[in-house]
Amino acid sequence: MSEYQDRMSAPISVPLDRASTATQLLEMKRQMQDIQDALETQKSVYQEKEEAFARREDILKNKDLELQEALILFNRFLKQNENKRRTAQMAADNEKKQKKAKVHEIEDKKKEIQTLKKELDALKKKVERNEKYKEFLQKVYSEYPEDFEERDHIMYRYWSLKKTHNELKAHQKKNRGGNGGNIEKFEGRRKGTANSLS
């Protein structure tokens with residue numbers, strides 16, 4: 001039975017770094033799909049937040065206009081009804097409190113808008129990074145289509161080569177450690193022979 005057939009008959013619970021290339025490829029493809037799904041979800045969430053932001057902005061504009069109109073009417077009322085100054089003063093105080101509350105509300109909404117803008121910018125940057133990565137993989141795949149069946153196989157090839165490289169490094173290090181004693185013995189004999197000849 002070949003090494004490939006041995007790998008194919010191995011149990012599914014084998015860790016990913018010891019699994020067959022096909023299993024690794026399937027796992028990487030699943031991970032790429034998960035990333036794509038997460039990206040689509042983030043796009044949807046971003047769209048919803050953007051729509052909510054637009055609605056909130058319209059509401060704030062309408063409330064601001066209503067507040068300005070109310071203040072104009074209130075000033076006219078004071079000028080026309082000086083004899084009702086006390087009643088009007090109470091109304092003015094009440095209106096000021098409402099205005100202050102509205103100003104605080106507007107400030108809170110502005111802060112919320114700024115937070116949403118930052119989140120939006122972060123999402124846009126993340127989308128741009130993912131798009132660049134996707135374009136890079138597509139470019140490599142386009143330039144070397146004979147080496148890869150699908151674009152995702154580029155990542156599988158990378159992980160496979162990286163694993164092989166690490167195994168070769170470990171093997172080389174082990175061989176150097178095992179031959180170290182033999183090299184020292186050889187050097188000792190060579191020096192002894194050189195001393196006896198001189």
# chains A, B, ... in the order shown; residues from 1 in each chain; ligands from 1
$ residues_around --residues "range 41-54 of chain A" --least-positions-apart "4" --cutoff "7 Å" --atoms "only C-alpha atoms" --output "VMD selection string"
chain A and resid 37 58 113 120
$ closest_atom_pairs --of "range 83-107 of chain A" --to "range 69-79 of chain A" --cutoff "10 Å" --atoms "only C-alpha atoms" --output "tab-separated table"
residue	atom	partner	partner_atom	distance
A:Asn83	CA	A:Leu78	CA	9.0
A:Lys84	CA	A:Leu78	CA	7.9
A:Arg85	CA	A:Leu78	CA	6.9
A:Thr87	CA	A:Leu78	CA	9.8
A:Ala88	CA	A:Leu78	CA	6.5
A:Gln89	CA	A:Leu78	CA	8.5
A:Ala91	CA	A:Phe74	CA	8.7
A:Ala92	CA	A:Phe74	CA	7.7
A:Glu95	CA	A:Leu71	CA	8.2
A:Lys96	CA	A:Leu71	CA	9.4
A:Lys99	CA	A:Leu71	CA	9.2
$ write_last_selection --atoms "N, CA and C atoms" --output "PDB file, in the first residue's frame"
ATOM      1  N   ASN A  83     -47.276  91.790  28.585  1.00  0.00           N
ATOM      2  CA  ASN A  83     -48.040  91.719  29.835  1.00  0.00           C
ATOM      3  C   ASN A  83     -48.108  90.301  30.389  1.00  0.00           C
ATOM      4  N   LYS A  84     -47.833  89.306  29.543  1.00  0.00           N
ATOM      5  CA  LYS A  84     -47.836  87.921  30.029  1.00  0.00           C
ATOM      6  C   LYS A  84     -46.401  87.435  30.221  1.00  0.00           C
ATOM      7  N   ARG A  85     -45.525  88.380  30.570  1.00  0.00           N
ATOM      8  CA  ARG A  85     -44.110  88.076  30.671  1.00  0.00           C
ATOM      9  C   ARG A  85     -43.801  86.950  31.641  1.00  0.00           C
ATOM     10  N   THR A  87     -45.666  84.417  32.686  1.00  0.00           N
ATOM     11  CA  THR A  87     -46.061  83.122  32.116  1.00  0.00           C
ATOM     12  C   THR A  87     -45.116  82.732  30.980  1.00  0.00           C
ATOM     13  N   ALA A  88     -44.768  83.761  30.191  1.00  0.00           N
ATOM     14  CA  ALA A  88     -43.860  83.493  29.074  1.00  0.00           C
ATOM     15  C   ALA A  88     -42.469  83.125  29.575  1.00  0.00           C
ATOM     16  N   GLN A  89     -42.033  83.761  30.692  1.00  0.00           N
ATOM     17  CA  GLN A  89     -40.711  83.447  31.245  1.00  0.00           C
ATOM     18  C   GLN A  89     -40.639  81.995  31.708  1.00  0.00           C
ATOM     19  N   ALA A  91     -42.433  79.619  30.524  1.00  0.00           N
ATOM     20  CA  ALA A  91     -42.400  78.821  29.294  1.00  0.00           C
ATOM     21  C   ALA A  91     -41.004  78.835  28.678  1.00  0.00           C
ATOM     22  N   ALA A  92     -40.346  80.013  28.765  1.00  0.00           N
ATOM     23  CA  ALA A  92     -38.992  80.131  28.204  1.00  0.00           C
ATOM     24  C   ALA A  92     -38.024  79.230  28.964  1.00  0.00           C
ATOM     25  N   GLU A  95     -38.643  75.858  27.923  1.00  0.00           N
ATOM     26  CA  GLU A  95     -38.152  75.650  26.560  1.00  0.00           C
ATOM     27  C   GLU A  95     -36.627  75.517  26.549  1.00  0.00           C
ATOM     28  N   LYS A  96     -35.963  76.282  27.403  1.00  0.00           N
ATOM     29  CA  LYS A  96     -34.498  76.189  27.488  1.00  0.00           C
ATOM     30  C   LYS A  96     -34.052  74.814  27.978  1.00  0.00           C
ATOM     31  N   LYS A  99     -34.472  72.609  25.165  1.00  0.00           N
ATOM     32  CA  LYS A  99     -33.427  72.843  24.178  1.00  0.00           C
ATOM     33  C   LYS A  99     -32.111  72.210  24.628  1.00  0.00           C
TER      34      LYS A  99
END
$ closest_residue --among "A:Gln172, A:Phe136, A:Glu57, A:Glu128" --to "Met155 in chain A" --atoms "only C-alpha atoms"
A:Phe136
$ residues_around --residues "Arg157 in chain A" --least-positions-apart "4" --cutoff "10 Å" --atoms "only C-alpha atoms" --output "ChimeraX atom specification"
/A:21,24-25,147-148,152-153,161-163
$ write_last_selection --atoms "all heavy atoms" --output "PDB file, in the first residue's frame"
ATOM      1  N   THR A  21      -3.056  15.854   2.130  1.00  0.00           N
ATOM      2  CA  THR A  21      -3.140  17.123   1.417  1.00  0.00           C
ATOM      3  C   THR A  21      -4.585  17.423   1.022  1.00  0.00           C
ATOM      4  O   THR A  21      -5.047  18.551   1.119  1.00  0.00           O
ATOM      5  CB  THR A  21      -2.252  17.064   0.160  1.00  0.00           C
ATOM      6  OG1 THR A  21      -0.925  16.727   0.567  1.00  0.00           O
ATOM      7  CG2 THR A  21      -2.233  18.396  -0.556  1.00  0.00           C
ATOM      8  N   GLN A  24      -6.374  18.658   4.008  1.00  0.00           N
ATOM      9  CA  GLN A  24      -5.944  20.027   4.291  1.00  0.00           C
ATOM     10  C   GLN A  24      -6.575  20.999   3.305  1.00  0.00           C
ATOM     11  O   GLN A  24      -7.001  22.088   3.677  1.00  0.00           O
ATOM     12  CB  GLN A  24      -4.414  20.119   4.220  1.00  0.00           C
ATOM     13  CG  GLN A  24      -3.716  19.403   5.363  1.00  0.00           C
ATOM     14  CD  GLN A  24      -2.201  19.456   5.242  1.00  0.00           C
ATOM     15  OE1 GLN A  24      -1.674  20.005   4.287  1.00  0.00           O
ATOM     16  NE2 GLN A  24      -1.530  18.886   6.213  1.00  0.00           N
ATOM     17  N   LEU A  25      -6.636  20.573   2.051  1.00  0.00           N
ATOM     18  CA  LEU A  25      -7.241  21.427   1.036  1.00  0.00           C
ATOM     19  C   LEU A  25      -8.711  21.680   1.333  1.00  0.00           C
ATOM     20  O   LEU A  25      -9.198  22.807   1.237  1.00  0.00           O
ATOM     21  CB  LEU A  25      -7.093  20.783  -0.345  1.00  0.00           C
ATOM     22  CG  LEU A  25      -5.670  20.702  -0.903  1.00  0.00           C
ATOM     23  CD1 LEU A  25      -5.669  19.973  -2.233  1.00  0.00           C
ATOM     24  CD2 LEU A  25      -5.049  22.072  -1.051  1.00  0.00           C
ATOM     25  N   ASP A 147      -0.496  24.779 -12.422  1.00  0.00           N
ATOM     26  CA  ASP A 147      -0.036  24.307 -11.108  1.00  0.00           C
ATOM     27  C   ASP A 147      -1.160  24.156 -10.094  1.00  0.00           C
ATOM     28  O   ASP A 147      -0.991  23.505  -9.062  1.00  0.00           O
ATOM     29  CB  ASP A 147       1.008  25.277 -10.529  1.00  0.00           C
ATOM     30  CG  ASP A 147       2.286  25.279 -11.349  1.00  0.00           C
ATOM     31  OD1 ASP A 147       2.543  24.244 -12.004  1.00  0.00           O
ATOM     32  OD2 ASP A 147       3.011  26.277 -11.332  1.00  0.00           O
ATOM     33  N   PHE A 148      -2.320  24.766 -10.354  1.00  0.00           N
ATOM     34  CA  PHE A 148      -3.392  24.779  -9.362  1.00  0.00           C
ATOM     35  C   PHE A 148      -4.730  24.508 -10.052  1.00  0.00           C
ATOM     36  O   PHE A 148      -5.053  25.130 -11.057  1.00  0.00           O
ATOM     37  CB  PHE A 148      -3.473  26.135  -8.648  1.00  0.00           C
ATOM     38  CG  PHE A 148      -2.164  26.588  -8.086  1.00  0.00           C
ATOM     39  CD1 PHE A 148      -1.399  27.546  -8.742  1.00  0.00           C
ATOM     40  CD2 PHE A 148      -1.678  26.049  -6.916  1.00  0.00           C
ATOM     41  CE1 PHE A 148      -0.177  27.950  -8.235  1.00  0.00           C
ATOM     42  CE2 PHE A 148      -0.470  26.457  -6.393  1.00  0.00           C
ATOM     43  CZ  PHE A 148       0.282  27.401  -7.052  1.00  0.00           C
ATOM     44  N   ASP A 152      -7.960  28.371  -4.542  1.00  0.00           N
ATOM     45  CA  ASP A 152      -7.710  28.004  -3.142  1.00  0.00           C
ATOM     46  C   ASP A 152      -6.538  27.046  -3.001  1.00  0.00           C
ATOM     47  O   ASP A 152      -5.937  26.944  -1.931  1.00  0.00           O
ATOM     48  CB  ASP A 152      -8.969  27.365  -2.531  1.00  0.00           C
ATOM     49  CG  ASP A 152     -10.121  28.343  -2.446  1.00  0.00           C
ATOM     50  OD1 ASP A 152      -9.857  29.560  -2.474  1.00  0.00           O
ATOM     51  OD2 ASP A 152     -11.263  27.904  -2.340  1.00  0.00           O
ATOM     52  N   HIS A 153      -6.185  26.352  -4.058  1.00  0.00           N
ATOM     53  CA  HIS A 153      -5.077  25.400  -3.982  1.00  0.00           C
ATOM     54  C   HIS A 153      -3.743  26.093  -3.748  1.00  0.00           C
ATOM     55  O   HIS A 153      -2.789  25.460  -3.300  1.00  0.00           O
ATOM     56  CB  HIS A 153      -5.024  24.559  -5.254  1.00  0.00           C
ATOM     57  CG  HIS A 153      -6.159  23.579  -5.344  1.00  0.00           C
ATOM     58  ND1 HIS A 153      -6.246  22.645  -6.330  1.00  0.00           N
ATOM     59  CD2 HIS A 153      -7.253  23.374  -4.565  1.00  0.00           C
ATOM     60  CE1 HIS A 153      -7.340  21.925  -6.163  1.00  0.00           C
ATOM     61  NE2 HIS A 153      -7.971  22.358  -5.100  1.00  0.00           N
ATOM     62  N   LEU A 161       4.133  23.163   1.472  1.00  0.00           N
ATOM     63  CA  LEU A 161       5.558  23.454   1.340  1.00  0.00           C
ATOM     64  C   LEU A 161       6.157  23.922   2.664  1.00  0.00           C
ATOM     65  O   LEU A 161       7.287  23.568   3.011  1.00  0.00           O
ATOM     66  CB  LEU A 161       5.777  24.520   0.260  1.00  0.00           C
ATOM     67  CG  LEU A 161       5.512  24.059  -1.179  1.00  0.00           C
ATOM     68  CD1 LEU A 161       5.602  25.249  -2.138  1.00  0.00           C
ATOM     69  CD2 LEU A 161       6.479  22.967  -1.589  1.00  0.00           C
ATOM     70  N   LYS A 162       5.413  24.695   3.393  1.00  0.00           N
ATOM     71  CA  LYS A 162       5.907  25.175   4.689  1.00  0.00           C
ATOM     72  C   LYS A 162       6.112  24.009   5.649  1.00  0.00           C
ATOM     73  O   LYS A 162       7.122  23.945   6.350  1.00  0.00           O
ATOM     74  CB  LYS A 162       4.903  26.177   5.280  1.00  0.00           C
ATOM     75  CG  LYS A 162       5.392  26.811   6.569  1.00  0.00           C
ATOM     76  CD  LYS A 162       4.445  27.897   7.037  1.00  0.00           C
ATOM     77  CE  LYS A 162       4.982  28.520   8.328  1.00  0.00           C
ATOM     78  NZ  LYS A 162       4.093  29.565   8.808  1.00  0.00           N
ATOM     79  N   LYS A 163       5.178  23.079   5.673  1.00  0.00           N
ATOM     80  CA  LYS A 163       5.290  21.906   6.544  1.00  0.00           C
ATOM     81  C   LYS A 163       6.510  21.074   6.160  1.00  0.00           C
ATOM     82  O   LYS A 163       7.298  20.664   7.013  1.00  0.00           O
ATOM     83  CB  LYS A 163       4.011  21.066   6.434  1.00  0.00           C
ATOM     84  CG  LYS A 163       4.039  19.804   7.284  1.00  0.00           C
ATOM     85  CD  LYS A 163       2.801  18.982   7.063  1.00  0.00           C
ATOM     86  CE  LYS A 163       2.939  17.645   7.785  1.00  0.00           C
ATOM     87  NZ  LYS A 163       1.912  16.722   7.408  1.00  0.00           N
TER      88      LYS A 163
END
$ closest_residue --among "A:Leu60, A:Tyr141, A:His165, A:Lys29" --to "His104 in chain A" --atoms "only C-alpha atoms"
A:Leu60
$ atom_distance --atom1 "CA of Tyr158 in chain A" --atom2 "CA of Ala122 in chain A"
28.6 Å
